[in-house]
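A.B. asks: Dropping a structure here in structure tokens format, bear with me for questions.
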Amino acid sequence: MSEPAGRMQTRTALKGFAVVFLMTFVAPLAPSDDASPLRAEAPVSLAKAPELDRAKLFDAVTTRIEERFFDGGKLKSIDWEQRAIETRKAVLAASDDAEAVRLIQAMLGELKTSHTALITPDEYSYYFLVDIVGGQDSVKELIARKFWGAGPFFAGIGAFTREQGGKHFVDAVFEGSPADYGGLKYGDEIVAVDGEPYRPIASFSGKVGSVAVVETRSRSGGDTSKLYIPVAPLRPKHAMSAATIASARVIEHAGKRIGYVHVWGVHDADAFKQALAKIEPTERERKADGSDETPPLDALIVDMRGRVGGTMGAARQMLEALDQRGSYWGETRFSENAQRARRGQRERTDAASMPPFRGRTVLLTNDGTRSAGEIFAQGFRQGGFGPIVGTPTAGAVSAAAAYVVPGDLLLYVAVTGLAFDGKSLEGSGVAPDHRVERPLAYAGGADPVLDAALDLAAKQFTR
């Protein structure tokens, strides 16, 4: 049966949107014509990869952990050597490679330490880690070999899911992404893509430049709906920066003008500054564009929910974008690189800086706020910027390095802990001042956390 004319027109229009999206939202992926993003492919999934040399994989993982993992006490507490002997036998006898990898991942999980995991190309974090952390020679070689020099990317629509009860629910949507424009909402269940059961990475692999048919369900037991969403090559760092800028808006609430910025990654302070400039121009910028009559913001909401990590240096720069005066962490142990960045930032001044947001900002957090996002949250609290609303952060704060191991899997290893005023955030995180839950399944995009923050900001802050 031929496709209905209306649906064909929709597909044609969306393919046109896909081309525009590739030109605007996604970073240039190739330094030459030989690395076209429409032909380059992300690493194949574990299910399609050549058979692993399990012995080499296991030995590479355990050797690296023994060399680089910073907490020898935890290794002793689980009797690491004996566990390694037992697990190695199980890995070699596993029914397939996927099961072997799960056994190694479970052994690493016993260390109960963040930034310590074996990650496969079937996971979002694989691409985010390669792009943001990078660093090691083995990772650089992986990028050159797997991505043809184009930089790490994966085929996707700009939405991310969390599994609950065997079902996949959208728990994050990049602002300005194909998923955002396509109507996908927080809490939607994704049932299938192009007629096949949904898989977070594999469902879109090899489909860059095409339009995916995404079947969703908005209520439990309800009928499914079809959304037609372009598939793009998502370069994590650029996509997160673009989404941060696209998220910036002013919300009129209870007679107040409240700015809103959703920070998707604490790795690009410039993107955060650009987002702020969209909603609160500096005095110099107001005069330049003749917008002197624009009322200033009464308050600001910074949303750091949803897979937010990054670097300590960027966290500091973002706090300084809110207010250049004062310190935020007190007695904190920094690496030498972080200390140099801190000194350099203090030496710079900006005559056109924005009015300070200290004392009139609300921060939103959840268990996706991790690593550098938690460092920002701690500095936000200690710096007196305002209340924190939502749920506790992940408690995943340590410094780590990434290594490529056999099978082109990634081993993430915590190599040092971090302390703030003598206290570690690892395992505890940052608790909100006002705890507000945001249910996921079939939420229909509802956001009680943002609603509560708007009410709080309107009552508590005034310009």
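Ordering of the structure tokens sets the chain letters (A, B, ...), residue numbers begin anew at 1 in every chain, and ligands are numbered from 1 in the order given.
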DSSP on the backbone, then: every residue of range 163-387 of chain A marked strand (DSSP E), written as JSON, numbers by chain.

C.D. replies: {"A": [163, 164, 167, 168, 169, 170, 171, 172, 173, 189, 190, 191, 192, 193, 196, 197, 211, 212, 213, 214, 215, 216, 217, 224, 225, 226, 227, 228, 229, 230, 232, 233, 234, 249, 250, 251, 252, 253, 256, 257, 258, 259, 260, 261, 262, 299, 300, 301, 302, 303, 361, 362, 363, 364, 365]}

A.B. asks: Can you write out as a tab-separated table which residues of range 194-249 of chain A fall within 10 Å of range 435-444 of chain A, alongside each residue's closest atom pair and its distance in Å to one decimal, counting only C-alpha atoms and ordering rows by chain and ascending residue number?

C.D. replies:
```
residue	atom	partner	partner_atom	distance
A:Arg217	CA	A:Tyr442	CA	7.8
A:Ser218	CA	A:Tyr442	CA	5.3
A:Arg219	CA	A:Tyr442	CA	5.2
A:Ser220	CA	A:Tyr442	CA	6.9
```

A.B. asks: Give me the residues of range 176-217 of chain A that have any atom at most 8 Å from an atom of range 147-155 of chain A; for each, the nearest atom pair and the distance in Å, rounded to one decimal. Use only C-alpha atoms, sort by chain and number, and format it as CSV.

C.D. replies:
```
residue,atom,partner,partner_atom,distance
A:Ile201,CA,A:Ala155,CA,7.4
A:Phe204,CA,A:Ala155,CA,5.6
A:Ser205,CA,A:Ala155,CA,5.4
A:Gly206,CA,A:Ala155,CA,7.0
A:Lys207,CA,A:Ala155,CA,6.9
A:Val208,CA,A:Ala155,CA,5.9
```

A.B. asks: Nearest to Phe128 in chain A: which of A:Gly310, A:Glu196, A:Glu320, A:Arg54 is it, counting only C-alpha atoms?

C.D. replies: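 When distances to Phe128 in chain A are compared using only C-alpha atoms, the smallest one comes from A:Gly310.
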